[in-house]
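S.K.: So that you have it, the file is input-v3.txt, and it contains compact mmCIF, C-alpha atoms:
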```txt
# COMPACT_ATOMS: atom_id res chain seq x y z
CA MET A 129 -12.50 -121.13 -50.86
CA PRO A 130 -10.35 -122.33 -48.08
CA LYS A 131 -9.72 -119.90 -45.30
CA ILE A 132 -6.24 -118.52 -45.06
CA LYS A 133 -4.82 -119.61 -41.78
CA MET A 134 -2.98 -116.94 -39.94
CA PRO A 135 0.05 -118.27 -38.09
CA LYS A 136 -0.47 -118.29 -34.38
CA GLY A 137 1.96 -117.16 -31.76
CA THR A 138 4.90 -114.84 -32.12
CA PRO A 139 6.75 -115.01 -35.40
CA SER A 140 10.37 -115.80 -34.77
CA ILE A 141 13.09 -114.16 -36.79
CA ASP A 142 16.49 -115.74 -37.03
CA MET A 143 18.76 -113.13 -35.54
CA THR A 144 21.96 -115.10 -35.85
CA PRO A 145 23.40 -113.30 -38.92
CA MET A 146 22.65 -109.93 -37.41
CA VAL A 147 24.31 -110.89 -34.15
CA ASP A 148 27.29 -112.26 -36.05
CA LEU A 149 27.65 -108.98 -37.84
CA ALA A 150 27.24 -106.97 -34.66
CA PHE A 151 29.97 -108.91 -32.93
CA LEU A 152 32.21 -108.68 -35.94
CA LEU A 153 31.88 -104.91 -35.87
CA VAL A 154 32.38 -104.78 -32.11
CA THR A 155 35.57 -106.78 -32.44
CA PHE A 156 36.77 -104.58 -35.28
CA PHE A 157 36.17 -101.34 -33.43
CA MET A 158 37.63 -102.68 -30.20
CA LEU A 159 40.82 -103.73 -31.92
CA THR A 160 41.25 -100.60 -34.01
CA ALA A 161 40.33 -98.11 -31.31
CA SER A 162 43.24 -96.32 -29.76
CA PHE A 163 42.58 -94.33 -26.68
CA ARG A 164 43.92 -90.89 -26.34
CA ASN A 165 46.15 -90.23 -23.38
CA ALA A 166 44.99 -87.62 -20.97
CA GLU A 167 46.61 -84.33 -21.88
CA PRO A 168 47.24 -81.53 -19.42
CA VAL A 169 46.39 -78.95 -22.09
CA THR A 170 43.84 -78.68 -24.82
CA VAL A 171 45.24 -77.39 -28.05
CA GLU A 172 43.27 -76.53 -31.14
CA THR A 173 45.63 -77.05 -34.00
CA PRO A 174 45.42 -75.05 -37.23
CA SER A 175 44.58 -76.92 -40.43
CA SER A 176 46.70 -77.57 -43.50
CA ILE A 177 46.62 -79.63 -46.68
CA SER A 178 49.54 -81.77 -45.55
CA ASP A 179 48.79 -85.50 -45.63
CA LYS A 180 51.89 -86.64 -43.77
CA ILE A 181 50.85 -88.71 -40.78
CA ILE A 182 52.52 -88.01 -37.45
CA PRO A 183 55.56 -90.34 -37.18
CA GLU A 184 56.26 -92.88 -34.43
CA ASN A 185 59.41 -91.79 -32.65
CA VAL A 186 58.62 -88.19 -31.80
CA LEU A 187 59.68 -85.44 -29.50
CA MET A 188 56.82 -83.00 -29.16
CA VAL A 189 56.68 -79.52 -27.73
CA THR A 190 53.20 -78.21 -27.10
CA LEU A 191 52.35 -74.53 -26.78
CA ASP A 192 48.97 -73.54 -25.45
CA LYS A 193 47.31 -70.28 -26.35
CA ASP A 194 48.90 -68.46 -23.41
CA GLY A 195 52.35 -69.49 -24.57
CA ARG A 196 52.94 -72.08 -21.83
CA VAL A 197 55.35 -74.79 -22.91
CA PHE A 198 54.71 -78.52 -22.47
CA PHE A 199 56.86 -81.41 -23.51
CA ASN A 200 56.39 -85.00 -24.57
CA LEU A 201 58.61 -87.83 -25.71
CA SER A 202 56.89 -90.85 -27.22
CA ASN A 203 59.29 -93.63 -26.25
CA ALA A 204 58.96 -94.88 -22.63
CA GLU A 205 62.54 -96.12 -22.42
CA ALA A 206 63.95 -92.89 -23.75
CA ARG A 207 61.76 -90.95 -21.33
CA LYS A 208 63.37 -92.72 -18.39
CA GLU A 209 66.87 -92.02 -19.65
CA MET A 210 65.99 -88.38 -20.28
CA LEU A 211 64.41 -87.96 -16.83
CA ASN A 212 67.39 -89.49 -15.02
CA ASN A 213 69.74 -87.12 -16.83
CA MET A 214 67.55 -84.17 -15.96
CA LEU A 215 67.28 -85.19 -12.28
CA LYS A 216 71.03 -85.49 -12.09
CA LYS A 217 71.64 -82.14 -13.71
CA TYR A 218 69.10 -80.23 -11.60
CA LYS A 219 69.77 -82.23 -8.41
CA VAL A 220 66.11 -83.12 -7.95
CA SER A 221 65.16 -86.56 -6.65
CA LEU A 222 62.13 -88.70 -7.36
CA THR A 223 61.24 -92.13 -6.02
CA GLU A 224 61.73 -95.24 -8.11
CA GLU A 225 57.95 -95.56 -8.63
CA GLN A 226 57.63 -91.94 -9.72
CA VAL A 227 60.33 -92.40 -12.34
CA GLU A 228 58.49 -95.49 -13.55
CA GLU A 229 55.20 -93.62 -13.65
CA PHE A 230 56.78 -90.72 -15.50
CA SER A 231 57.96 -93.01 -18.26
CA PHE A 232 54.37 -93.97 -19.08
CA MET A 233 52.89 -90.50 -18.86
CA SER A 234 52.24 -88.31 -21.84
CA THR A 235 52.65 -84.55 -22.13
CA PHE A 236 53.87 -82.75 -19.03
CA GLY A 237 54.79 -79.21 -18.23
CA CYS A 238 56.36 -77.82 -15.07
CA THR A 239 59.67 -76.50 -13.82
CA MET A 240 62.23 -78.90 -12.37
CA GLN A 241 61.53 -77.50 -8.89
CA GLU A 242 57.85 -78.29 -9.29
CA LEU A 243 58.44 -81.79 -10.64
CA PRO A 244 58.30 -83.74 -7.31
CA ALA A 245 55.05 -81.96 -6.38
CA TYR A 246 53.72 -82.51 -9.90
CA MET A 247 54.42 -86.24 -9.66
CA ARG A 248 52.78 -86.45 -6.22
CA THR A 249 49.60 -84.91 -7.62
CA ASP A 250 46.85 -87.32 -8.51
CA ALA A 251 47.02 -88.24 -12.20
CA ALA A 252 43.52 -86.94 -12.83
CA LYS A 253 44.28 -83.58 -11.20
CA ARG A 254 47.52 -82.84 -13.05
CA ALA A 255 45.64 -80.93 -15.74
CA SER A 256 44.84 -78.25 -13.18
CA PHE A 257 48.32 -78.19 -11.63
CA PRO A 258 49.23 -74.51 -11.28
CA THR A 259 52.29 -74.02 -13.45
CA GLU A 260 53.81 -71.64 -15.92
CA GLY A 261 55.00 -74.50 -18.08
CA ILE A 262 58.60 -75.36 -18.82
CA PRO A 263 60.84 -72.28 -18.53
CA THR A 264 62.41 -71.12 -21.78
CA ASP A 265 64.09 -67.89 -20.74
CA SER A 266 67.73 -67.61 -21.60
CA THR A 267 68.90 -67.57 -17.96
CA LYS A 268 67.07 -70.76 -17.00
CA ASN A 269 66.43 -72.61 -20.22
CA GLU A 270 65.10 -75.94 -18.95
CA LEU A 271 63.45 -76.66 -22.29
CA LEU A 272 66.85 -76.68 -23.96
CA ASP A 273 68.03 -79.37 -21.52
CA TRP A 274 64.86 -81.42 -21.92
CA ILE A 275 65.18 -81.32 -25.70
CA SER A 276 68.88 -82.08 -25.82
CA PHE A 277 68.60 -85.02 -23.39
CA ALA A 278 65.45 -86.25 -25.14
CA ALA A 279 67.06 -86.04 -28.58
CA ALA A 280 70.05 -88.04 -27.35
CA ALA A 281 67.88 -90.67 -25.62
CA ALA A 282 65.43 -90.99 -28.50
CA GLY A 283 68.36 -91.24 -30.90
CA ASN A 284 69.72 -94.19 -28.89
CA THR A 285 66.40 -96.05 -28.73
CA GLY A 286 65.84 -95.34 -32.41
CA ARG A 287 69.22 -96.86 -33.24
CA THR A 288 68.50 -100.02 -31.21
CA ALA A 289 65.10 -100.34 -32.90
CA PHE A 290 66.83 -99.97 -36.26
CA GLU A 291 69.38 -102.69 -35.41
CA GLU A 292 66.55 -105.00 -34.29
CA ALA A 293 64.59 -104.38 -37.47
CA LYS A 294 67.73 -105.06 -39.49
CA ALA A 295 68.40 -108.31 -37.63
CA LYS A 296 64.86 -109.43 -38.38
CA GLY A 297 65.54 -109.01 -42.07
CA GLY A 298 64.21 -106.55 -44.56
CA GLU A 299 65.71 -103.24 -45.42
CA PRO A 300 64.71 -100.68 -42.85
CA LYS A 301 65.65 -97.07 -43.46
CA MET A 302 67.56 -95.34 -40.69
CA GLU A 303 65.58 -92.21 -41.52
CA ASP A 304 62.37 -93.84 -40.25
CA PHE A 305 63.86 -94.55 -36.84
CA LYS A 306 65.39 -91.17 -36.15
CA PRO A 307 63.43 -89.01 -33.72
CA LYS A 308 61.28 -86.34 -35.35
CA PHE A 309 60.70 -82.95 -33.83
CA ILE A 310 57.12 -81.87 -33.61
CA LEU A 311 55.68 -78.55 -32.60
CA ARG A 312 52.06 -78.44 -31.60
CA VAL A 313 50.71 -74.93 -31.41
CA ASP A 314 47.25 -73.60 -30.76
CA SER A 315 45.69 -71.45 -33.48
CA LYS A 316 45.64 -68.55 -31.06
CA THR A 317 49.25 -68.87 -29.87
CA LEU A 318 51.32 -65.83 -30.70
CA TYR A 319 53.99 -66.66 -33.25
CA LYS A 320 56.41 -64.74 -31.06
CA ASP A 321 56.01 -67.42 -28.36
CA ALA A 322 56.44 -70.24 -30.88
CA ALA A 323 59.55 -68.49 -32.20
CA ILE A 324 61.17 -68.78 -28.75
CA VAL A 325 60.72 -72.57 -28.83
CA ILE A 326 61.83 -72.74 -32.47
CA ASP A 327 64.96 -70.82 -31.52
CA VAL A 328 65.69 -73.40 -28.80
CA PHE A 329 65.53 -76.12 -31.44
CA ARG A 330 67.74 -74.13 -33.78
CA GLU A 331 70.18 -73.53 -30.95
CA LEU A 332 70.62 -77.31 -30.83
CA ASN A 333 70.95 -77.38 -34.62
CA LEU A 334 67.62 -79.17 -35.04
CA ASN A 335 66.21 -77.29 -37.99
CA ASN A 336 63.71 -79.75 -39.43
CA LEU A 337 60.53 -79.09 -37.54
CA ASN A 338 56.99 -80.32 -38.09
CA PHE A 339 53.82 -78.52 -37.13
CA VAL A 340 50.85 -80.59 -36.05
CA THR A 341 47.83 -79.68 -38.12
CA SER A 342 44.42 -81.12 -38.73
CA ALA A 343 43.64 -82.25 -42.23
CA GLU A 344 42.03 -79.94 -44.74
CA ALA A 345 40.83 -80.54 -48.28
CA ILE A 346 43.30 -79.71 -51.06
CA PRO A 347 41.89 -76.91 -53.20
CA VAL A 348 41.28 -77.81 -56.82
CA ASN A 349 42.16 -75.22 -59.41
CA MET B 32 19.67 -114.06 -17.85
CA ALA B 33 19.72 -116.52 -20.68
CA GLN B 34 16.63 -118.60 -20.37
CA ILE B 35 16.16 -121.97 -21.82
CA ALA B 36 12.62 -122.30 -23.03
CA GLU B 37 11.53 -125.83 -22.99
CA SER B 38 8.88 -127.12 -25.27
CA GLY B 39 7.07 -130.31 -24.62
CA GLY B 40 8.33 -130.50 -21.05
CA GLY B 41 6.53 -130.32 -17.77
CA ASP B 42 4.91 -133.72 -17.79
CA HIS B 43 7.59 -135.79 -16.09
CA GLY B 44 6.00 -135.27 -12.70
CA LYS B 45 3.09 -137.56 -13.44
CA LYS B 46 4.77 -140.39 -15.11
CA GLY B 47 7.65 -142.14 -13.56
CA LYS B 48 9.45 -142.58 -16.79
CA LYS B 49 12.04 -140.00 -17.59
CA ARG B 50 11.98 -138.95 -21.15
CA ALA B 51 14.64 -137.13 -23.09
CA LYS B 52 13.51 -133.62 -23.81
CA LYS B 53 12.20 -133.20 -27.24
CA GLY B 54 12.35 -130.21 -29.50
CA SER B 55 14.81 -127.39 -29.82
CA THR B 56 16.18 -125.48 -26.89
CA HIS B 57 15.96 -121.77 -27.53
CA VAL B 58 18.37 -119.40 -25.89
CA ASP B 59 17.00 -115.92 -25.55
CA MET B 60 19.71 -113.89 -27.17
CA THR B 61 18.11 -110.48 -26.73
CA PRO B 62 20.24 -109.29 -23.77
CA MET B 63 23.41 -110.40 -25.50
CA VAL B 64 22.47 -108.62 -28.68
CA ASP B 65 21.57 -105.53 -26.68
CA LEU B 66 24.98 -105.56 -25.10
CA ALA B 67 26.68 -106.16 -28.41
CA PHE B 68 24.98 -103.16 -29.96
CA LEU B 69 25.68 -101.04 -26.93
CA LEU B 70 29.39 -101.80 -27.27
CA LEU B 71 29.22 -101.26 -30.99
CA THR B 72 27.68 -97.83 -30.55
CA PHE B 73 30.25 -96.93 -27.91
CA PHE B 74 33.23 -97.85 -30.05
CA VAL B 75 31.81 -96.27 -33.18
CA LEU B 76 31.30 -93.01 -31.36
CA THR B 77 34.58 -92.92 -29.45
CA SER B 78 37.02 -94.16 -32.04
CA THR B 79 38.99 -91.57 -33.93
CA PHE B 80 40.25 -92.70 -37.28
CA SER B 81 42.24 -89.75 -38.40
CA LYS B 82 45.63 -89.41 -36.82
CA PRO B 83 46.85 -85.84 -36.69
CA LYS B 84 48.88 -84.73 -39.66
CA VAL B 85 52.13 -82.84 -39.65
CA LEU B 86 53.32 -79.97 -41.80
CA PRO B 87 57.11 -80.19 -42.24
CA LEU B 88 59.05 -76.97 -42.35
CA ASN B 89 62.82 -76.53 -42.51
CA TYR B 90 64.20 -73.59 -40.65
CA PRO B 91 67.43 -71.94 -41.74
CA ALA B 92 70.40 -72.91 -39.58
CA LYS B 93 71.30 -70.40 -36.95
CA ILE B 94 73.93 -67.98 -38.10
CA ASP B 95 76.82 -67.47 -35.74
CA LYS B 96 76.51 -63.86 -34.64
CA ARG B 97 80.22 -63.47 -33.98
CA LYS B 98 80.98 -64.02 -37.63
CA ASP B 99 79.78 -61.27 -39.88
CA VAL B 100 77.87 -63.31 -42.41
CA LYS B 101 75.83 -61.39 -44.92
CA PRO B 102 72.54 -62.97 -45.87
CA PRO B 103 72.83 -64.62 -49.27
CA LYS B 104 71.32 -62.78 -52.21
CA VAL B 105 68.12 -64.45 -53.30
CA ASN B 106 66.84 -63.98 -56.79
CA ASN B 107 63.12 -63.94 -57.44
CA ALA B 108 62.29 -63.45 -53.78
CA ALA B 109 59.02 -62.51 -52.22
CA THR B 110 58.62 -61.41 -48.64
CA PHE B 111 55.49 -61.82 -46.61
CA VAL B 112 55.03 -59.81 -43.45
CA LEU B 113 52.49 -61.13 -40.98
CA ALA B 114 51.01 -58.54 -38.69
CA ASP B 115 48.12 -58.65 -36.25
CA ASP B 116 45.47 -60.07 -38.54
CA LYS B 117 46.76 -58.75 -41.82
CA VAL B 118 49.30 -60.02 -44.28
CA TYR B 119 51.53 -57.77 -46.38
CA TYR B 120 54.01 -58.54 -49.10
CA TYR B 121 56.64 -57.06 -51.33
CA ARG B 122 58.73 -58.49 -54.15
CA GLY B 123 62.49 -58.49 -54.49
CA GLU B 124 64.92 -56.77 -52.22
CA PHE B 125 64.05 -54.29 -49.52
CA TYR B 126 64.81 -50.66 -50.34
CA PRO B 127 64.37 -48.22 -47.46
CA LYS B 128 63.22 -44.65 -48.13
CA SER B 129 66.73 -43.36 -47.58
CA ARG B 130 68.14 -45.63 -50.29
CA PRO B 131 65.42 -46.26 -52.88
CA GLY B 132 65.96 -48.80 -55.64
CA ALA B 133 65.19 -48.50 -59.32
CA ASN B 134 61.44 -48.55 -58.66
CA GLY B 135 61.55 -46.31 -55.62
CA PRO B 136 61.40 -47.38 -52.00
CA THR B 137 59.74 -50.64 -51.03
CA GLU B 138 56.10 -50.44 -50.10
CA LEU B 139 54.04 -53.05 -48.36
CA GLN B 140 51.03 -54.34 -50.29
CA GLU B 141 48.12 -55.88 -48.47
CA ALA B 142 46.92 -59.39 -49.24
CA ASN B 143 44.36 -61.74 -47.72
CA PHE B 144 43.78 -65.43 -47.13
CA GLY B 145 40.62 -65.68 -49.21
CA SER B 146 40.49 -66.99 -52.74
CA GLY B 147 39.44 -63.85 -54.58
CA GLU B 148 41.30 -60.79 -55.77
CA ASN B 149 44.58 -60.00 -53.98
CA SER B 150 44.53 -63.31 -52.15
CA VAL B 151 47.80 -65.00 -51.23
CA ARG B 152 46.75 -68.00 -53.32
CA LYS B 153 46.20 -65.97 -56.52
CA LEU B 154 49.41 -64.01 -56.02
CA LEU B 155 51.52 -67.10 -55.48
CA ALA B 156 49.92 -68.87 -58.42
CA SER B 157 50.96 -66.02 -60.72
CA TRP B 158 54.45 -65.61 -59.26
CA ASN B 159 55.19 -69.28 -59.27
CA GLU B 160 53.63 -70.00 -62.64
CA TYR B 161 56.88 -71.40 -63.97
CA VAL B 162 57.03 -74.13 -61.32
CA ILE B 163 53.34 -74.94 -61.45
CA LYS B 164 53.41 -75.23 -65.26
CA ASN B 165 56.48 -77.47 -65.24
CA LYS B 166 55.07 -79.57 -62.43
CA ALA B 167 51.98 -80.22 -64.54
CA ILE B 168 54.20 -81.39 -67.41
CA LEU B 169 56.11 -83.70 -65.07
CA GLN B 170 52.85 -84.99 -63.61
CA LYS B 171 51.62 -85.82 -67.10
CA GLN B 172 54.82 -87.71 -67.83
CA LEU B 173 54.43 -89.58 -64.56
CA ASP B 174 50.84 -90.48 -65.35
CA LYS B 175 51.90 -91.84 -68.72
CA LYS B 176 54.66 -93.77 -66.92
CA GLN B 177 57.36 -92.07 -68.96
CA ILE B 178 59.32 -91.25 -65.83
CA ALA B 179 59.72 -93.12 -62.56
CA ASP B 180 58.41 -91.99 -59.19
CA SER B 181 61.88 -91.20 -57.89
CA THR B 182 62.73 -89.19 -61.01
CA PHE B 183 59.55 -87.21 -60.55
CA GLU B 184 60.44 -86.42 -56.94
CA ARG B 185 63.98 -85.41 -57.86
CA LYS B 186 62.92 -83.22 -60.77
CA LEU B 187 60.29 -81.56 -58.60
CA ASP B 188 62.89 -80.78 -55.96
CA GLU B 189 65.20 -79.31 -58.59
CA LEU B 190 62.34 -77.31 -60.03
CA THR B 191 61.43 -75.62 -56.77
CA VAL B 192 64.95 -74.30 -56.26
CA ASP B 193 65.27 -73.18 -59.86
CA ARG B 194 66.26 -69.60 -60.72
CA GLU B 195 62.77 -68.98 -62.03
CA ALA B 196 61.05 -70.39 -58.96
CA VAL B 197 59.85 -67.94 -56.36
CA LYS B 198 61.54 -68.03 -52.94
CA VAL B 199 59.62 -66.81 -49.96
CA LEU B 200 60.68 -65.13 -46.77
CA ILE B 201 58.22 -65.00 -43.91
CA LYS B 202 58.58 -62.26 -41.35
CA THR B 203 56.35 -61.99 -38.37
CA ASP B 204 55.26 -59.12 -36.21
CA ASP B 205 54.99 -59.52 -32.42
CA LYS B 206 51.22 -59.77 -32.61
CA ALA B 207 51.02 -62.35 -35.41
CA LEU B 208 49.19 -65.56 -34.53
CA CYS B 209 50.41 -69.06 -35.27
CA LYS B 210 47.27 -69.66 -37.28
CA SER B 211 48.17 -67.07 -39.90
CA PHE B 212 51.71 -68.40 -40.01
CA ILE B 213 50.53 -71.96 -40.65
CA ASP B 214 47.94 -70.68 -43.13
CA LEU B 215 50.67 -68.90 -45.05
CA VAL B 216 53.00 -71.91 -45.05
CA ASP B 217 50.05 -73.96 -46.21
CA GLU B 218 49.41 -71.58 -49.12
CA LEU B 219 53.09 -71.79 -50.04
CA LYS B 220 52.92 -75.59 -50.10
CA ILE B 221 49.81 -75.41 -52.29
CA ALA B 222 51.72 -73.17 -54.70
CA ASN B 223 54.72 -75.56 -54.67
CA VAL B 224 57.12 -73.06 -53.19
CA GLY B 225 60.22 -75.02 -52.22
CA VAL B 226 62.27 -72.40 -50.46
CA ILE B 227 60.56 -71.02 -47.38
CA ALA B 228 62.57 -69.09 -44.84
CA PRO B 229 61.01 -67.71 -41.68
CA THR B 230 63.17 -64.80 -40.56
CA GLU B 231 63.03 -61.73 -38.36
CA LEU B 232 61.76 -58.31 -39.31
CA SER B 233 64.41 -55.74 -40.13
CA PRO B 234 64.19 -52.27 -38.52
CA GLY B 235 63.23 -50.73 -41.88
CA GLU B 236 60.36 -53.15 -42.33
CA LYS B 237 59.18 -52.53 -38.77
CA GLU B 238 58.92 -48.84 -39.57
CA LEU B 239 56.89 -49.48 -42.71
CA LEU B 240 54.58 -51.71 -40.70
CA LYS B 241 54.13 -49.00 -38.10
CA ASP B 242 53.09 -46.56 -40.84
CA LYS B 243 50.49 -49.04 -42.06
CA ASN B 244 48.71 -49.23 -38.73
```
Starting from the file, lay out its structure as structure tokens.
M.R.:
Amino acid sequence: MPKIKMPKGTPSIDMTPMVDLAFLLVTFFMLTASFRNAEPVTVETPSSISDKIIPENVLMVTLDKDGRVFFNLSNAEARKEMLNNMLKKYKVSLTEEQVEEFSFMSTFGCTMQELPAYMRTDAAKRASFPTEGIPTDSTKNELLDWISFAAAAAGNTGRTAFEEAKAKGGEPKMEDFKPKFILRVDSKTLYKDAAIVIDVFRELNLNNLNFVTSAEAIPVN
Amino acid sequence: MAQIAESGGGDHGKKGKKRAKKGSTHVDMTPMVDLAFLLLTFFVLTSTFSKPKVLPLNYPAKIDKRKDVKPPKVNNAATFVLADDKVYYYRGEFYPKSRPGANGPTELQEANFGSGENSVRKLLASWNEYVIKNKAILQKQLDKKQIADSTFERKLDELTVDREAVKVLIKTDDKALCKSFIDLVDELKIANVGVIAPTELSPGEKELLKDKN
């Protein structure tokens, strides 16, 4: 019987398909990944069965569990318009660069007096900026001004986006471009505190609100 | 890093003749693959697929306090009162002790967010049976393609504001948490309640709530 010859040396495996696959997946994940913006507050949202995904053009008020109010507007252009209106109304001044930086920030929360100091703070340290959030009391309702300016600015940018989409062809719905009003509350926020913010919205006749929730399975009966 | 392993080389020092290298040139791909997998792991672990969802809720328009507008009469109403960590309810209109209705003064019943006896889900399912039953019929028609999508949506909207459909008022105590509020709205959406109105507690209801605690 002939001896079976064992192959000498290291056996080589063709790794090319595996590498191809690995790079394919890397590319996929890199392109689909969206990075979360740094938020000054952490909010644990309640869960619901709703499957409506958060829309694009949004105006979001965040309430943390102590009832502090934070604000965010998704559109950079609208943010600039809103900020300039606010600066004019409250006679606060920021540098050109700060205005530019503000337009690319996400959620913020401070009084108008604190705003220059807030903008001077290092971006990474803003989360620990000592603030009571945006004032909502009836004598100094800054939130009302933020919301009304933001709604006007976001309405304008929404309209331009709608016109552009129309010019490109297709049949866009105006409804999809209108700003939506989102309320993000922590599970432990008192409803009383949320009601104050809701009342501000209702004051401005904005009655269609959306609560941010995490997804939950629909119960089967 | 990438090494080119040569096979059959190393002999051109002796002979003067230069020969073209024979054999395959192997690139050691291990570091590259390592890096690729490192990146892959990083992106798999950091990427979040699920965007947050939103729960739409329409609030009633603010009533001008200068005008004396009486709240509209709602038939087939149910009122939920959210307190600290409890949820109470009563059906129909509110009758204070001083002016009891046909069935005596209103009393708050306790409910819970479970799925067993006296749970909000069970209660709503029985109160809103009319809507749920009719929705099932519509759903069947939709599945059989007897009605269009838009017709289904329209009929469903009409159904939820029907006389027979239950309408819900949500009243919250000062100590109620947002979680219980969202939980309740969620239960209402599960039970296909179309008319949801968050309103303030009346003095009479506040008193009843105080007695409960």
S.K.: Using all atoms listed in the file, which residues sit within 8 Å of Ala278 of chain A once same-chain residues fewer than 2 positions away are excluded, as a PyMOL selection string?
M.R.: chain A and resi 187+201+206-207+210+274-276+280-282
S.K.: Please save C-alpha atoms of the selected residues as a CSV table (one decimal), in the frame of the given file.
M.R.:
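File written: result03.csv
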```csv
chain,number,residue,atom,x,y,z
A,187,LEU,CA,59.7,-85.4,-29.5
A,201,LEU,CA,58.6,-87.8,-25.7
A,206,ALA,CA,64.0,-92.9,-23.8
A,207,ARG,CA,61.8,-91.0,-21.3
A,210,MET,CA,66.0,-88.4,-20.3
A,274,TRP,CA,64.9,-81.4,-21.9
A,275,ILE,CA,65.2,-81.3,-25.7
A,276,SER,CA,68.9,-82.1,-25.8
A,280,ALA,CA,70.0,-88.0,-27.4
A,281,ALA,CA,67.9,-90.7,-25.6
A,282,ALA,CA,65.4,-91.0,-28.5
```
S.K.: Under the rule that only C-alpha atoms are counted, which of B:Leu215, B:Leu208, B:Ala109, B:Val224 is the nearest residue to Thr137 of chain B?
M.R.: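 Smallest distance to Thr137 of chain B is found for B:Ala109.
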S.K.: Output as a Markdown table one row per residue of chain A within 6 Å of chain B: the closest atom pair and its distance in Å to one decimal place, counting only C-alpha atoms, sorted by chain and residue number ascending.
M.R.:
```
| residue | atom | partner | partner_atom | distance |
| --- | --- | --- | --- | --- |
| A:Val154 | CA | B:Leu71 | CA | 4.9 |
| A:Phe157 | CA | B:Phe74 | CA | 5.7 |
| A:Ala161 | CA | B:Ser78 | CA | 5.2 |
| A:Pro174 | CA | B:Lys210 | CA | 5.7 |
| A:Ser176 | CA | B:Asp217 | CA | 5.6 |
| A:Ser178 | CA | B:Leu86 | CA | 5.6 |
| A:Lys180 | CA | B:Lys84 | CA | 5.4 |
| A:Ile181 | CA | B:Lys84 | CA | 4.6 |
| A:Ile182 | CA | B:Lys84 | CA | 5.4 |
| A:Ser315 | CA | B:Lys210 | CA | 4.5 |
| A:Lys316 | CA | B:Leu208 | CA | 5.8 |
| A:Thr317 | CA | B:Cys209 | CA | 5.5 |
| A:Leu318 | CA | B:Leu208 | CA | 4.4 |
| A:Tyr319 | CA | B:Cys209 | CA | 4.8 |
| A:Lys320 | CA | B:Asp205 | CA | 5.6 |
| A:Asn335 | CA | B:Tyr90 | CA | 5.0 |
| A:Asn336 | CA | B:Asn89 | CA | 4.5 |
| A:Leu337 | CA | B:Leu88 | CA | 5.5 |
| A:Asn338 | CA | B:Pro87 | CA | 4.2 |
| A:Phe339 | CA | B:Leu86 | CA | 4.9 |
| A:Val340 | CA | B:Val85 | CA | 4.4 |
| A:Thr341 | CA | B:Lys84 | CA | 5.4 |
| A:Ser342 | CA | B:Pro83 | CA | 5.7 |
```
S.K.: Please work out which residues fall within 12 Å of (69.5, -85.9, -11.6), coordinates as given in the file, with only C-alpha atoms counting, and return them as a list in words.
M.R.: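 Protein, DNA and RNA residues close to (69.5, -85.9, -11.6): Lys208, Glu209, Met210, Leu211, Asn212, Asn213, Met214, Leu215, Lys216, Lys217, Tyr218, Lys219, Val220, Ser221, Leu222, Thr223, Val227, Met240, Gln241, Leu243, Asp273 and Phe277 of chain A.
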S.K.: One decimal, in Å: what's the spacing between atom CA of Glu148 of chain B and atom CA of Tyr161 of chain B?
M.R.: 20.6 Å
S.K.: Have a look at atom CA of Met188 of chain A and atom CA of Ala251 of chain A and let me know their distance in Å, one decimal.
M.R.: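 Between atom CA of Met188 of chain A and atom CA of Ala251 of chain A the gap is 20.3 Å.
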S.K.: Identify, on the basis of only C-alpha atoms, every residue whose closest approach to Tyr119 of chain B does not exceed 8 Å; exclude the query and any residue fewer than 6 positions from it along the same chain; express the result as a PyMOL selection string.
M.R.: chain B and resi 111-113+139-142
S.K.: So that I have them on file, write out the residues from the current selection with C-alpha atoms, as a compact mmCIF listing (two decimals), in the frame of the given file.
M.R.:
```txt
# COMPACT_ATOMS: atom_id res chain seq x y z
CA PHE B 111 55.49 -61.82 -46.61
CA VAL B 112 55.03 -59.81 -43.45
CA LEU B 113 52.49 -61.13 -40.98
CA LEU B 139 54.04 -53.05 -48.36
CA GLN B 140 51.03 -54.34 -50.29
CA GLU B 141 48.12 -55.88 -48.47
CA ALA B 142 46.92 -59.39 -49.24
```
S.K.: Would you list the contacts of segment 179-192 of chain B as an MDAnalysis selection string, taking every protein, DNA or RNA residue within 7 Å and counting only C-alpha atoms, but skipping same-chain residues closer than 2 positions in sequence?
M.R.: chainID B and resid 162 166 169 173 176:177 194 196 224:226
S.K.: Go ahead and dump the residues you just picked, C-alpha atoms, as an mmCIF file, in the coordinates of the input.
M.R.:
```cif
data_model
loop_
_atom_site.group_PDB
_atom_site.id
_atom_site.type_symbol
_atom_site.label_atom_id
_atom_site.label_comp_id
_atom_site.auth_asym_id
_atom_site.auth_seq_id
_atom_site.Cartn_x
_atom_site.Cartn_y
_atom_site.Cartn_z
ATOM 1 C CA VAL B 162 57.030 -74.130 -61.320
ATOM 2 C CA LYS B 166 55.070 -79.570 -62.430
ATOM 3 C CA LEU B 169 56.110 -83.700 -65.070
ATOM 4 C CA LEU B 173 54.430 -89.580 -64.560
ATOM 5 C CA LYS B 176 54.660 -93.770 -66.920
ATOM 6 C CA GLN B 177 57.360 -92.070 -68.960
ATOM 7 C CA ARG B 194 66.260 -69.600 -60.720
ATOM 8 C CA ALA B 196 61.050 -70.390 -58.960
ATOM 9 C CA VAL B 224 57.120 -73.060 -53.190
ATOM 10 C CA GLY B 225 60.220 -75.020 -52.220
ATOM 11 C CA VAL B 226 62.270 -72.400 -50.460
#
```
S.K.: Please, what distance in Å, to one decimal, runs between atom CA of Val186 of chain A and atom CA of Phe290 of chain A?
M.R.: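 Taking atom CA of Val186 of chain A and atom CA of Phe290 of chain A, their separation equals 15.0 Å.
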